[in-house]
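Text of the file run20.pdb, holding PDB, C-alpha atoms, pLDDT in the B column:
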ATOM      1  CA  MET A   1      -7.081  12.681  -8.049  1.00 88.00           C
ATOM      2  CA  PRO A   2      -8.565   9.285  -8.896  1.00 95.00           C
ATOM      3  CA  THR A   3      -7.762   6.273  -6.730  1.00 96.00           C
ATOM      4  CA  GLY A   4      -7.973   2.511  -6.890  1.00 96.00           C
ATOM      5  CA  GLU A   5      -7.492  -0.228  -4.323  1.00 96.00           C
ATOM      6  CA  ILE A   6      -5.199  -3.227  -4.369  1.00 96.00           C
ATOM      7  CA  VAL A   7      -4.874  -6.129  -1.942  1.00 95.00           C
ATOM      8  CA  PRO A   8      -2.401  -8.943  -1.337  1.00 95.00           C
ATOM      9  CA  ASP A   9      -3.311 -11.761  -3.737  1.00 93.00           C
ATOM     10  CA  THR A  10      -0.338 -14.145  -3.594  1.00 94.00           C
ATOM     11  CA  ASP A  11       2.259 -15.163  -1.066  1.00 95.00           C
ATOM     12  CA  GLY A  12       5.734 -13.923  -1.905  1.00 93.00           C
ATOM     13  CA  PRO A  13       9.074 -15.730  -1.613  1.00 92.00           C
ATOM     14  CA  LEU A  14       9.272 -15.102   2.164  1.00 91.00           C
ATOM     15  CA  THR A  15       6.533 -16.302   4.530  1.00 92.00           C
ATOM     16  CA  GLU A  16       8.172 -16.185   7.965  1.00 89.00           C
ATOM     17  CA  TRP A  17       5.131 -15.009   9.934  1.00 90.00           C
ATOM     18  CA  SER A  18       2.674 -17.597  11.304  1.00 88.00           C
ATOM     19  CA  VAL A  19      -0.898 -18.078  10.099  1.00 91.00           C
ATOM     20  CA  ILE A  20      -3.221 -18.007  13.138  1.00 90.00           C
ATOM     21  CA  GLY A  21      -6.789 -19.302  13.048  1.00 86.00           C
ATOM     22  CA  GLY A  22      -6.626 -20.538   9.487  1.00 76.00           C
ATOM     23  CA  THR A  23      -5.067 -23.226   7.384  1.00 72.00           C
ATOM     24  CA  GLY A  24      -4.665 -21.366   4.119  1.00 82.00           C
ATOM     25  CA  THR A  25      -1.997 -19.159   2.662  1.00 91.00           C
ATOM     26  CA  HIS A  26      -0.602 -16.098   4.415  1.00 94.00           C
ATOM     27  CA  GLU A  27      -2.384 -13.937   1.841  1.00 93.00           C
ATOM     28  CA  SER A  28      -5.738 -15.573   2.594  1.00 91.00           C
ATOM     29  CA  ALA A  29      -5.304 -14.718   6.291  1.00 92.00           C
ATOM     30  CA  ILE A  30      -5.187 -10.967   5.596  1.00 93.00           C
ATOM     31  CA  ASP A  31      -7.591 -10.465   2.677  1.00 82.00           C
ATOM     32  CA  GLU A  32     -10.698  -9.947   4.820  1.00 78.00           C
ATOM     33  CA  ALA A  33     -13.468  -7.471   4.097  1.00 79.00           C
ATOM     34  CA  ARG A  34     -12.270  -4.078   5.322  1.00 84.00           C
ATOM     35  CA  ALA A  35     -15.599  -3.116   6.874  1.00 87.00           C
ATOM     36  CA  SER A  36     -15.236  -5.808   9.555  1.00 85.00           C
ATOM     37  CA  PRO A  37     -11.875  -7.630   9.463  1.00 90.00           C
ATOM     38  CA  ASN A  38     -11.903 -11.172  10.820  1.00 87.00           C
ATOM     39  CA  THR A  39      -9.333 -11.071  13.631  1.00 90.00           C
ATOM     40  CA  ALA A  40      -9.639 -14.828  14.219  1.00 90.00           C
ATOM     41  CA  ASP A  41      -7.864 -15.393  10.866  1.00 90.00           C
ATOM     42  CA  ARG A  42      -4.578 -13.439  10.756  1.00 93.00           C
ATOM     43  CA  ILE A  43      -0.812 -13.511  10.445  1.00 93.00           C
ATOM     44  CA  ARG A  44       1.465 -13.209  13.481  1.00 88.00           C
ATOM     45  CA  GLY A  45       5.015 -11.964  13.520  1.00 87.00           C
ATOM     46  CA  ASP A  46       6.864 -13.329  16.510  1.00 80.00           C
ATOM     47  CA  GLN A  47      10.392 -14.032  17.649  1.00 72.00           C
ATOM     48  CA  PRO A  48      10.623 -17.797  18.139  1.00 63.00           C
ATOM     49  CA  SER A  49      14.411 -18.031  17.923  1.00 59.00           C
ATOM     50  CA  GLY A  50      15.659 -14.553  18.710  1.00 58.00           C
ATOM     51  CA  ASP A  51      15.132 -13.235  15.159  1.00 58.00           C
ATOM     52  CA  ASP A  52      13.286  -9.937  15.444  1.00 63.00           C
ATOM     53  CA  ASN A  53      13.060  -9.387  11.701  1.00 80.00           C
ATOM     54  CA  VAL A  54      10.666 -12.046  10.432  1.00 86.00           C
ATOM     55  CA  VAL A  55       9.289 -11.015   7.024  1.00 93.00           C
ATOM     56  CA  ASP A  56       6.191 -11.875   4.999  1.00 95.00           C
ATOM     57  CA  MET A  57       6.096 -10.830   1.338  1.00 96.00           C
ATOM     58  CA  PHE A  58       3.033 -10.535  -0.889  1.00 97.00           C
ATOM     59  CA  GLY A  59       2.249  -9.942  -4.532  1.00 96.00           C
ATOM     60  CA  MET A  60      -0.547  -7.404  -4.957  1.00 96.00           C
ATOM     61  CA  SER A  61      -3.660  -7.351  -7.109  1.00 95.00           C
ATOM     62  CA  THR A  62      -3.954  -4.778  -9.880  1.00 96.00           C
ATOM     63  CA  PHE A  63      -6.516  -2.653 -11.714  1.00 96.00           C
ATOM     64  CA  THR A  64      -6.467  -0.854 -15.037  1.00 96.00           C
ATOM     65  CA  MET A  65      -5.590   2.811 -14.897  1.00 94.00           C
ATOM     66  CA  LEU A  66      -4.457   5.153 -17.620  1.00 91.00           C
ATOM     67  CA  GLY A  67      -1.975   7.493 -16.036  1.00 95.00           C
ATOM     68  CA  VAL A  68       0.900   7.792 -13.579  1.00 96.00           C
ATOM     69  CA  ILE A  69       0.741   6.582  -9.980  1.00 95.00           C
ATOM     70  CA  THR A  70       1.964   9.269  -7.597  1.00 96.00           C
ATOM     71  CA  GLN A  71       1.183   7.801  -4.168  1.00 97.00           C
ATOM     72  CA  ILE A  72       0.336   4.538  -2.434  1.00 97.00           C
ATOM     73  CA  GLU A  73      -1.018   4.347   1.112  1.00 98.00           C
ATOM     74  CA  VAL A  74      -0.909   0.886   2.703  1.00 98.00           C
ATOM     75  CA  PHE A  75      -3.361   0.134   5.518  1.00 97.00           C
ATOM     76  CA  ALA A  76      -3.030  -2.668   8.087  1.00 97.00           C
ATOM     77  CA  TYR A  77      -5.559  -3.703  10.720  1.00 97.00           C
ATOM     78  CA  ALA A  78      -3.109  -4.658  13.434  1.00 96.00           C
ATOM     79  CA  THR A  79      -2.378  -5.075  17.140  1.00 93.00           C
ATOM     80  CA  ASN A  80       0.528  -6.126  19.332  1.00 89.00           C
ATOM     81  CA  ASN A  81       0.959  -7.820  22.683  1.00 80.00           C
ATOM     82  CA  PRO A  82       0.412  -4.878  25.074  1.00 74.00           C
ATOM     83  CA  THR A  83       2.664  -6.436  27.703  1.00 73.00           C
ATOM     84  CA  TYR A  84       5.744  -6.501  25.472  1.00 74.00           C
ATOM     85  CA  GLY A  85       5.074  -3.989  22.727  1.00 75.00           C
ATOM     86  CA  GLY A  86       6.742  -4.328  19.370  1.00 82.00           C
ATOM     87  CA  ASP A  87       5.913  -2.859  16.001  1.00 89.00           C
ATOM     88  CA  ALA A  88       5.654  -3.790  12.350  1.00 93.00           C
ATOM     89  CA  GLU A  89       7.123  -2.129   9.281  1.00 95.00           C
ATOM     90  CA  ILE A  90       5.775  -2.131   5.739  1.00 97.00           C
ATOM     91  CA  ASP A  91       7.787  -1.701   2.556  1.00 97.00           C
ATOM     92  CA  PHE A  92       6.457  -1.344  -0.998  1.00 96.00           C
ATOM     93  CA  TYR A  93       8.004  -2.631  -4.236  1.00 94.00           C
ATOM     94  CA  VAL A  94       7.624   0.071  -6.870  1.00 84.00           C
ATOM     95  CA  ASP A  95       9.320   0.516 -10.232  1.00 76.00           C
ATOM     96  CA  GLY A  96      11.751  -2.347  -9.534  1.00 83.00           C
ATOM     97  CA  VAL A  97      12.905  -0.949  -6.168  1.00 91.00           C
ATOM     98  CA  TRP A  98      11.892  -1.445  -2.536  1.00 95.00           C
ATOM     99  CA  GLN A  99      10.972   2.010  -1.202  1.00 95.00           C
ATOM    100  CA  GLY A 100      12.158   1.499   2.394  1.00 96.00           C
ATOM    101  CA  TYR A 101      10.452   0.196   5.511  1.00 97.00           C
ATOM    102  CA  GLN A 102       8.106   2.501   7.431  1.00 97.00           C
ATOM    103  CA  TYR A 103       6.721   1.793  10.908  1.00 96.00           C
ATOM    104  CA  ILE A 104       2.945   1.429  11.205  1.00 96.00           C
ATOM    105  CA  ASN A 105       2.941   2.228  14.966  1.00 93.00           C
ATOM    106  CA  VAL A 106       0.991  -0.800  16.155  1.00 92.00           C
ATOM    107  CA  GLY A 107      -0.932  -0.336  19.414  1.00 87.00           C
ATOM    108  CA  GLY A 108      -2.224  -2.744  22.064  1.00 88.00           C
ATOM    109  CA  GLU A 109      -5.686  -2.956  20.485  1.00 92.00           C
ATOM    110  CA  TYR A 110      -6.732  -3.712  16.927  1.00 94.00           C
ATOM    111  CA  GLY A 111      -6.965  -0.598  14.778  1.00 95.00           C
ATOM    112  CA  TRP A 112      -6.206   0.695  11.300  1.00 97.00           C
ATOM    113  CA  ARG A 113      -2.647   1.942  10.797  1.00 97.00           C
ATOM    114  CA  SER A 114      -1.139   3.209   7.568  1.00 97.00           C
ATOM    115  CA  VAL A 115       2.055   4.254   5.844  1.00 98.00           C
ATOM    116  CA  THR A 116       2.324   6.408   2.723  1.00 98.00           C
ATOM    117  CA  PHE A 117       4.757   6.106  -0.161  1.00 97.00           C
ATOM    118  CA  ALA A 118       4.617   9.453  -1.996  1.00 96.00           C
ATOM    119  CA  GLY A 119       6.500  11.122  -4.844  1.00 94.00           C
ATOM    120  CA  LEU A 120       6.133   8.035  -7.027  1.00 94.00           C
ATOM    121  CA  SER A 121       6.067   7.809 -10.806  1.00 93.00           C
ATOM    122  CA  MET A 122       4.646   4.343 -11.524  1.00 93.00           C
ATOM    123  CA  SER A 123       3.202   3.019 -14.750  1.00 94.00           C
ATOM    124  CA  GLN A 124       0.555   0.357 -15.329  1.00 95.00           C
ATOM    125  CA  THR A 125       3.378  -2.157 -15.789  1.00 95.00           C
ATOM    126  CA  ASP A 126       4.812  -1.221 -12.379  1.00 95.00           C
ATOM    127  CA  LEU A 127       1.387  -1.615 -10.775  1.00 95.00           C
ATOM    128  CA  ASN A 128       0.986  -5.052 -12.333  1.00 95.00           C
ATOM    129  CA  ILE A 129       4.152  -6.330 -10.587  1.00 95.00           C
ATOM    130  CA  CYS A 130       4.104  -4.400  -7.301  1.00 95.00           C
ATOM    131  CA  GLY A 131       4.359  -6.060  -3.917  1.00 96.00           C
ATOM    132  CA  ILE A 132       4.676  -5.437  -0.209  1.00 97.00           C
ATOM    133  CA  ARG A 133       6.707  -6.901   2.594  1.00 97.00           C
ATOM    134  CA  ILE A 134       5.871  -6.717   6.280  1.00 96.00           C
ATOM    135  CA  ARG A 135       8.596  -7.046   8.912  1.00 93.00           C
ATOM    136  CA  ALA A 136       8.099  -7.600  12.643  1.00 90.00           C
ATOM    137  CA  ASP A 137      10.272  -5.419  14.874  1.00 85.00           C
ATOM    138  CA  LEU A 138      10.226  -7.053  18.283  1.00 80.00           C
ATOM    139  CA  ALA A 139      12.236  -6.319  21.396  1.00 68.00           C
ATOM    140  CA  VAL A 140      11.252  -9.288  23.582  1.00 61.00           C
ATOM    141  CA  SER A 141      11.398 -12.961  22.640  1.00 64.00           C
ATOM    142  CA  LYS A 142       8.070 -14.403  21.456  1.00 64.00           C
ATOM    143  CA  THR A 143       6.267 -11.069  21.379  1.00 70.00           C
ATOM    144  CA  GLY A 144       3.446 -11.111  18.834  1.00 82.00           C
ATOM    145  CA  ILE A 145       2.322  -8.623  16.202  1.00 90.00           C
ATOM    146  CA  ASP A 146      -1.011  -9.638  14.670  1.00 93.00           C
ATOM    147  CA  ILE A 147      -2.273  -8.323  11.323  1.00 95.00           C
ATOM    148  CA  ALA A 148      -5.785  -9.295  10.222  1.00 95.00           C
ATOM    149  CA  CYS A 149      -6.246  -7.252   7.051  1.00 96.00           C
ATOM    150  CA  VAL A 150      -4.097  -5.319   4.551  1.00 97.00           C
ATOM    151  CA  TYR A 151      -4.995  -3.196   1.533  1.00 97.00           C
ATOM    152  CA  ALA A 152      -3.563  -0.207  -0.325  1.00 97.00           C
ATOM    153  CA  VAL A 153      -5.082   2.906  -1.889  1.00 97.00           C
ATOM    154  CA  VAL A 154      -3.341   3.896  -5.118  1.00 97.00           C
ATOM    155  CA  THR A 155      -3.548   7.561  -6.182  1.00 97.00           C
ATOM    156  CA  TYR A 156      -2.802   8.374  -9.816  1.00 97.00           C
ATOM    157  CA  THR A 157      -2.826  11.226 -12.272  1.00 96.00           C
ATOM    158  CA  PRO A 158      -4.856  10.351 -15.386  1.00 93.00           C
ATOM    159  CA  ALA A 159      -3.055  10.406 -18.731  1.00 87.00           C
ATOM    160  CA  GLY A 160      -3.062  13.867 -20.257  1.00 77.00           C
ATOM    161  CA  TYR A 161      -3.749  15.471 -16.894  1.00 57.00           C
ATOM    162  CA  GLY A 162      -1.459  17.326 -14.573  1.00 51.00           C
ATOM    163  CA  HIS A 163       0.118  20.006 -16.769  1.00 53.00           C
ATOM    164  CA  ASP A 164      -0.772  23.660 -16.515  1.00 48.00           C
ATOM    165  CA  PHE A 165      -1.136  25.772 -19.639  1.00 48.00           C
ATOM    166  CA  ILE A 166      -0.617  29.504 -19.291  1.00 49.00           C
ATOM    167  CA  GLY A 167      -1.287  29.172 -15.562  1.00 48.00           C
ATOM    168  CA  VAL A 168      -4.604  27.348 -15.991  1.00 49.00           C
ATOM    169  CA  PRO A 169      -4.827  24.194 -13.828  1.00 52.00           C
ATOM    170  CA  ALA A 170      -5.012  20.993 -15.798  1.00 52.00           C
ATOM    171  CA  ALA A 171      -8.469  20.339 -14.347  1.00 52.00           C
ATOM    172  CA  ASN A 172      -9.697  23.218 -16.546  1.00 50.00           C
ATOM    173  CA  ILE A 173      -7.536  22.542 -19.592  1.00 50.00           C
ATOM    174  CA  ASP A 174     -10.424  21.527 -21.870  1.00 54.00           C
ATOM    175  CA  ASN A 175     -11.479  25.173 -22.001  1.00 52.00           C
ATOM    176  CA  VAL A 176      -8.775  27.854 -21.651  1.00 50.00           C
ATOM    177  CA  ILE A 177      -9.945  31.463 -21.452  1.00 54.00           C
ATOM    178  CA  GLY A 178     -13.196  30.365 -23.076  1.00 57.00           C
ATOM    179  CA  VAL A 179     -11.438  28.866 -26.108  1.00 56.00           C
ATOM    180  CA  PRO A 180     -11.875  25.106 -26.678  1.00 59.00           C
ATOM    181  CA  THR A 181      -8.547  23.251 -26.613  1.00 54.00           C
ATOM    182  CA  GLU A 182      -8.912  22.157 -30.235  1.00 58.00           C
ATOM    183  CA  ASN A 183      -8.143  25.846 -30.983  1.00 52.00           C
ATOM    184  CA  ILE A 184      -5.286  26.038 -28.476  1.00 48.00           C
ATOM    185  CA  ASP A 185      -2.743  27.173 -31.076  1.00 51.00           C
ATOM    186  CA  LYS A 186      -4.717  30.429 -31.484  1.00 51.00           C
ATOM    187  CA  ILE A 187      -4.760  31.401 -27.773  1.00 50.00           C
ATOM    188  CA  ILE A 188      -2.899  34.592 -26.907  1.00 52.00           C
ATOM    189  CA  GLY A 189      -0.837  34.568 -30.083  1.00 53.00           C
ATOM    190  CA  VAL A 190       0.658  31.123 -29.587  1.00 48.00           C
TER
END
How does the structure come out when it is put into structure tokens?
Amino acid sequence: MPTGEIVPDTDGPLTEWSVIGGTGTHESAIDEARASPNTADRIRGDQPSGDDNVVDMFGMSTFTMLGVITQIEVFAYATNNPTYGGDAEIDFYVDGVWQGYQYINVGGEYGWRSVTFAGLSMSQTDLNICGIRIRADLAVSKTGIDIACVYAVVTYTPAGYGHDFIGVPAANIDNVIGVPTENIDKIIGV
């Protein structure tokens, strides 16, 4: 199936995490090049006043696709304070509904973690208004979760693809039993 990538491109209505090593927006702290994320410029979820559910929200970029989105996998280059632990959760806004937080299983060293939102049926319009939110889940006061880079891989089914005809996978639909599809009404007495 074809894929496309999207990245955070605007700060959302909640920006409760801290920007570390930068002076820009929260989005600008996590839009690094994926090949070598800049860990000096990042967001940090911590628990300054006993609130273990600080949230950052982001609008996402878009791309043009002709089809139906079936899956989105969100990647985060993240670490936590190995002394205290803690984790982060990511949620995705699809088709007017938040899909539900999923843990990314942050470890004590920077590494790529991901969560997958599958079984979707998103249109181009949905993609144009999608967003993510990241929530810190911390057990000990002032524990830090650092995220240096976030992006998502969008998997979609192209328009006109994905239906079988007489048991022939859609990938082969342009030629069924050797008969071009413009003659499809003449196949096997249909």
Residues near stretch 122-135 of chain A, anyone? I mean within 6 Å using all atoms listed in the file, not counting same-chain ones fewer than 4 positions away, as a PDB file with C-alpha atoms, keeping the file's coordinate frame.
ATOM      1  CA  ASN A  53      13.060  -9.387  11.701  1.00 80.00           C
ATOM      2  CA  VAL A  54      10.666 -12.046  10.432  1.00 86.00           C
ATOM      3  CA  VAL A  55       9.289 -11.015   7.024  1.00 93.00           C
ATOM      4  CA  ASP A  56       6.191 -11.875   4.999  1.00 95.00           C
ATOM      5  CA  MET A  57       6.096 -10.830   1.338  1.00 96.00           C
ATOM      6  CA  PHE A  58       3.033 -10.535  -0.889  1.00 97.00           C
ATOM      7  CA  GLY A  59       2.249  -9.942  -4.532  1.00 96.00           C
ATOM      8  CA  MET A  60      -0.547  -7.404  -4.957  1.00 96.00           C
ATOM      9  CA  THR A  62      -3.954  -4.778  -9.880  1.00 96.00           C
ATOM     10  CA  VAL A  68       0.900   7.792 -13.579  1.00 96.00           C
ATOM     11  CA  ILE A  69       0.741   6.582  -9.980  1.00 95.00           C
ATOM     12  CA  ALA A  88       5.654  -3.790  12.350  1.00 93.00           C
ATOM     13  CA  GLU A  89       7.123  -2.129   9.281  1.00 95.00           C
ATOM     14  CA  ILE A  90       5.775  -2.131   5.739  1.00 97.00           C
ATOM     15  CA  ASP A  91       7.787  -1.701   2.556  1.00 97.00           C
ATOM     16  CA  PHE A  92       6.457  -1.344  -0.998  1.00 96.00           C
ATOM     17  CA  TYR A  93       8.004  -2.631  -4.236  1.00 94.00           C
ATOM     18  CA  VAL A  94       7.624   0.071  -6.870  1.00 84.00           C
ATOM     19  CA  ASP A  95       9.320   0.516 -10.232  1.00 76.00           C
TER      20      ASP A  95
END
> Do you have the atom CA of A:Asp46-atom CA of A:Pro8 distance handy?
Replying inline: 20.6 Å
>> Residue by residue, what does the PyMOL selection byres ((chain A and resi 19-36) around 10) grab here? Present the result as an NGL selection string.
In response: :A and (7-12 or 15-18 or 37-45 or 56-60 or 75-77 or 112 or 146-151)
Give, as lines of an AutoDock Vina configuration file, the centre coordinates and the x, y and z edge lengths in Å to one decimal for an axis-aligned box around all listed atoms of stretch 2-10 of chain A, padded by 3 Å on each side.
center_x = -4.5
center_y = -2.4
center_z = -5.1
size_x = 14.2
size_y = 29.4
size_z = 13.6
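Minimum atom-to-atom distance to A:Gly160, evaluated using all atoms listed in the file, belongs to A:Gly67 out of A:Pro13, A:Gly86, A:Gly67, A:Pro2.
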>> If the PyMOL selection byres ((chain A and resi 85) around 9) were run on this exact file, what residues would it hold? Put them as an MDAnalysis selection string.
In response: chainID A and resid 80:84 86:87 106:108 138:140 143:145
> Quick one, how far is atom CA of A:Glu73 from atom CA of A:Val154?
Replying inline: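 Distance reported for this atom pair: 6.7 Å.
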> For A:Ile104, which residue among A:Asp137, A:Leu14, A:Ile72, A:Ala118 is the nearest when counting all atoms listed in the file?
Replying inline: A:Asp137
> Any idea what the distance is between atom CA of A:Gly4 and atom CA of A:Gly119?
Replying inline: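 Separation of atom CA of A:Gly4 and atom CA of A:Gly119: 17.0 Å.
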> Which one of A:Tyr110, A:Thr70, A:Gln47, A:Tyr103 sits closest to A:Met1 if you count only C-alpha atoms?
Replying inline: A:Thr70
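Proximity to A:Phe117 was assessed for A:Thr64, A:Thr155, A:Gln71, A:Asn105 counting all atoms listed in the file; the smallest distance is recorded for A:Gln71.
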